[in-house]
Each structure stands twice: as structure tokens, then as C-alpha cells.
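K.L.:
Dropping the structure in here first, questions after.
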Amino acid sequence: MDTMRDRFAPVVSRLLDEDPRVAVVLAEIGKDAFHEAIARHPARVVNVGIREQLLVGAAAGMALTGLRPVVHTFASFLVERPFEQVKLDFGHQGTGAVLVSAAASFDWPAGGFTHMAPGDVALLDTLDGWTVHVPGHPDEAETLLRHAVAAGDDRVYVRLSVQSNRQARPVDGARFLTVREGRAGVVIAVGPLLDAVLDATEGMDVTVLYATTVRPFDTAGLRRASEAAGTDVVLVEPYLAGTSTGAANDALADLPHRVLGLGVDRRELRRYGTVEEHTAAHGLDARGLRERIGGFLGAAAGVGSAV
């Protein structure tokens, strides 16, 4: 199966053909995948070289002319390194773009911490007006990319990963999807962590919500789920642990509730290892999740043996 990033260039190349507003801005990474698109649309596919601040500034300039720029590089170079430009050139100037990242939290462990960005969504959370999509399958990535490009002049972040669920789900770019229903808690699985959450909660009496759009946070969806499943909530996110606990707390502010945020730890794992080893070390595999979800929800959820 192809990866989300494998799907990215063909989808955006077709959008370049279909919509004269669409432009692509690259910073060396990913340029080879747009070779044919560059030949067809040389004025709308721009590679600025290894200059990430310029990457964002050029995209914002294009947006000011009426184009819809799609901006792509690794997450650490797209959100963290040029954060001042993201804040000012898009937010302060009131422009929009589609930022599409690769490498996620630890997709390329051999690259070391410079190529990891577990804090990207939390960092964007300090800014106003960003929509954040976290697909969990290449088909979902295609759907959400199309949503993002079609979203007028909005500011949208699409977080791609090599990690993927076994099957695609019908995502709409807005709401959480109910995958399993129960009565003893709500578990929100974000993007590529859905399969691990489903395996971890097998036999538990819990509702599982699938989130591929995390900003805006689907407050109404969580509240609906909590009517039957109660207000004990576990968030399982493929980036910094606790990134969305504030949003979940706000959603249930008028109700007694508890929220547990699971995700990537703040501590840096200094051994390169593999994606699977990083996932297990952060407790985001099925075994680690079952232990922590079960410990939080307790006997009411019908917690059985570890996976």
C-alpha cells in the first residue's frame, strides 16, 4: 500500500491541473515528485531551496495575490523552524494556505530529533484560526487534502505520516466518527493510532471516536458520545501528549469529568531505533495503551488482560 506522502504529490498535481488558483511551494524536500507538474505549471510550482522561512514567506505572498498555496516539507521545517513567519505572514497578514507536513513525530528515526516534530500541533494551537487534519490512511489523506485546498482562504495544516490504519474510514473534514459504542468511557483515537486503540480496547465497554480533524475540536461530537458513555475521556494522539486535553476539558466544562491525555512524551529518545520501537517506548502500541486506558477507566470498563 502506498503511504500518505506517496498520495500527496499526485493529488496536488491533479489539483494544479484543475484549479488555476492552486500553487505549490517547496523547500527542496519532495521536489522530485512534482517533476511533471513543474513542466506543466512552471509559474505555480516553486522550489525555494533549503530556506524554510522563505518557504512560508513566499507562500504568504502568493496568497496575497489570490493564489491558494500548498506548502510542503518535513513538519519540523514547516512549523517549528519558520514559526515566526507562520505566525506573522499568515496570521497577522490575514492570509491562508495549506501546510502539508511529512515525518510526523518520529517517522524517520534515523534522522534524529531534528527531523521529528511531536510538538507541531501544540505549537499551532498557540495561533488563532488554524484547521488541523490528521489522516490515518492514504485515502483519508487524499480526501482531507482536497477539503483543505477547497477551503477558501483558510489556514489549514495537514499532518501526513508513514503510520497508517489498516482501512480508510469515511471522514468529512469536520466531525469525529463513532467507531465503537460503550457505556463506561470515551476514547478519542486520532489519525493513525485508531487501529492500536481498537486493539487495546477490545472487550472494553467504551465508546471509541475517530478524529481526523482535531481543530476545530468536535465539541458537539464528544458531548453526544458522553451522554451514553459518561464523561471519563481518554485522548490518544500521535503527537505531544496532552495537546487536546484543554479542548476536551472545555467541551465538558459544565459537567463533572475526567480527561487523560496520551501521546508522545516530552522526553527525547536519543536512540534512533525504528518507528515501532518509538511507538512502544511512548506507550502508544496496543499493549501500552490497554494498560493505561484500563488503569484510568477501571473495572467499570470491563478491563481484561493485556494485549
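Every chain in the C-alpha cells takes a letter, A first, then B, and so on in the order presented; its residues are numbered from 1, and the ligands are numbered from 1 following the presented order.
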Against region 181-204 of chain A, which residues of region 110-167 of chain A fall within 7 Å? For each one I want the closest pair of atoms and the distance in Å (one decimal), counting only C-alpha atoms, rows by chain and increasing residue number, as CSV.

P.N.:
residue,atom,partner,partner_atom,distance
A:Val134,CA,A:Gly191,CA,5.2
A:Pro135,CA,A:Gly191,CA,4.9
A:Gly136,CA,A:Pro192,CA,3.9
A:His137,CA,A:Pro192,CA,6.9
A:Gln163,CA,A:Pro192,CA,5.8
A:Ser164,CA,A:Pro192,CA,4.8
A:Asn165,CA,A:Pro192,CA,5.4

K.L.:
Produce a table with one row for each residue of region 107-165 of chain A that has an atom at most 7 Å from any atom of region 78-102 of chain A, each row naming the nearest atom pair and its distance in Å at one decimal; use only C-alpha atoms; arrange rows by chain and rising residue number; format as CSV.

P.N.:
residue,atom,partner,partner_atom,distance
A:Asp120,CA,A:Val79,CA,6.1
A:Leu127,CA,A:Lys87,CA,6.9
A:Ala148,CA,A:Val98,CA,6.4
A:Val149,CA,A:Val98,CA,6.5
A:Asp153,CA,A:Gly96,CA,4.7
A:Asp154,CA,A:Gly96,CA,4.9
A:Arg155,CA,A:Gly96,CA,4.5
A:Val156,CA,A:Val98,CA,4.8
A:Tyr157,CA,A:Leu99,CA,4.7
A:Val158,CA,A:Val100,CA,4.8
A:Arg159,CA,A:Ser101,CA,5.2
A:Leu160,CA,A:Ala102,CA,5.2
A:Ser161,CA,A:Ala102,CA,6.0

K.L.:
Please list as number ranges by chain every residue within 12 Å of Phe217 (chain A), counting only C-alpha atoms and excluding residues in the same chain fewer than 6 positions away.

P.N.:
A: 125, 129-133, 173-176, 188, 190, 211, 223, 243-251

K.L.:
Check the smallest atom-to-atom distance from each of A:Ala150, A:Val206, A:Ala220, A:Met116 to Glu18 (chain A) using only C-alpha atoms, then report the winner.

P.N.:
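The shortest atom-to-atom distance to Glu18 (chain A) comes from A:Ala150.
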
K.L.:
Could you check the closest approach to Glu268 (chain A) for each of A:Val233, A:Gly242, A:Arg169, A:Phe106 and tell me which residue wins, using only C-alpha atoms?

P.N.:
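Closest residue, counting only C-alpha atoms: A:Phe106.
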
K.L.:
Write out as a PyMOL selection string all residues of region 157-301 of chain A that DSSP puts in strand (DSSP E or B) for this structure's backbone.

P.N.:
chain A and resi 157-159+177-180+186-190+207-211+213-215+232-240+258-264

K.L.:
Neighbours of Ala117 (chain A) within 9 Å (only C-alpha atoms; same-chain residues fewer than 4 positions away dropped), as JSON, numbers by chain?

P.N.:
{"A": [74, 75, 76, 77, 79, 80, 103, 104, 105, 106, 113, 121, 239, 240]}

K.L.:
Using only C-alpha atoms, can you tell me which of A:Pro216, A:Gly302, A:Pro118, A:Pro20 comes closest to Leu269 (chain A)?

P.N.:
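For Leu269 (chain A), the nearest of the candidates is A:Pro118.
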
K.L.:
Give the alpha helix (DSSP H) residues of region 14-235 of chain A, as assigned by DSSP on the backbone, as a VMD selection string.

P.N.:
chain A and resid 14 to 18 35 to 40 52 to 64 75 83 to 85 120 to 124 138 to 149 194 to 200 219 to 229

K.L.:
As an exercise, work out the distance from CA of Met62 (chain A) to CA of Ala43 (chain A) in Å and give it to one decimal place.

P.N.:
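Distance between the two atoms: 11.0 Å.
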
K.L.:
Could you tell me which of A:Leu235, A:Val208, A:Leu124, A:Leu145 comes closest to Val71 (chain A) if we count only C-alpha atoms?

P.N.:
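For Val71 (chain A), the nearest of the given residues is A:Leu145.
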
K.L.:
One decimal, Å: what's the distance from CA of Val179 (chain A) over to CA of Ala229 (chain A), could you say?

P.N.:
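The value is 13.3 Å.
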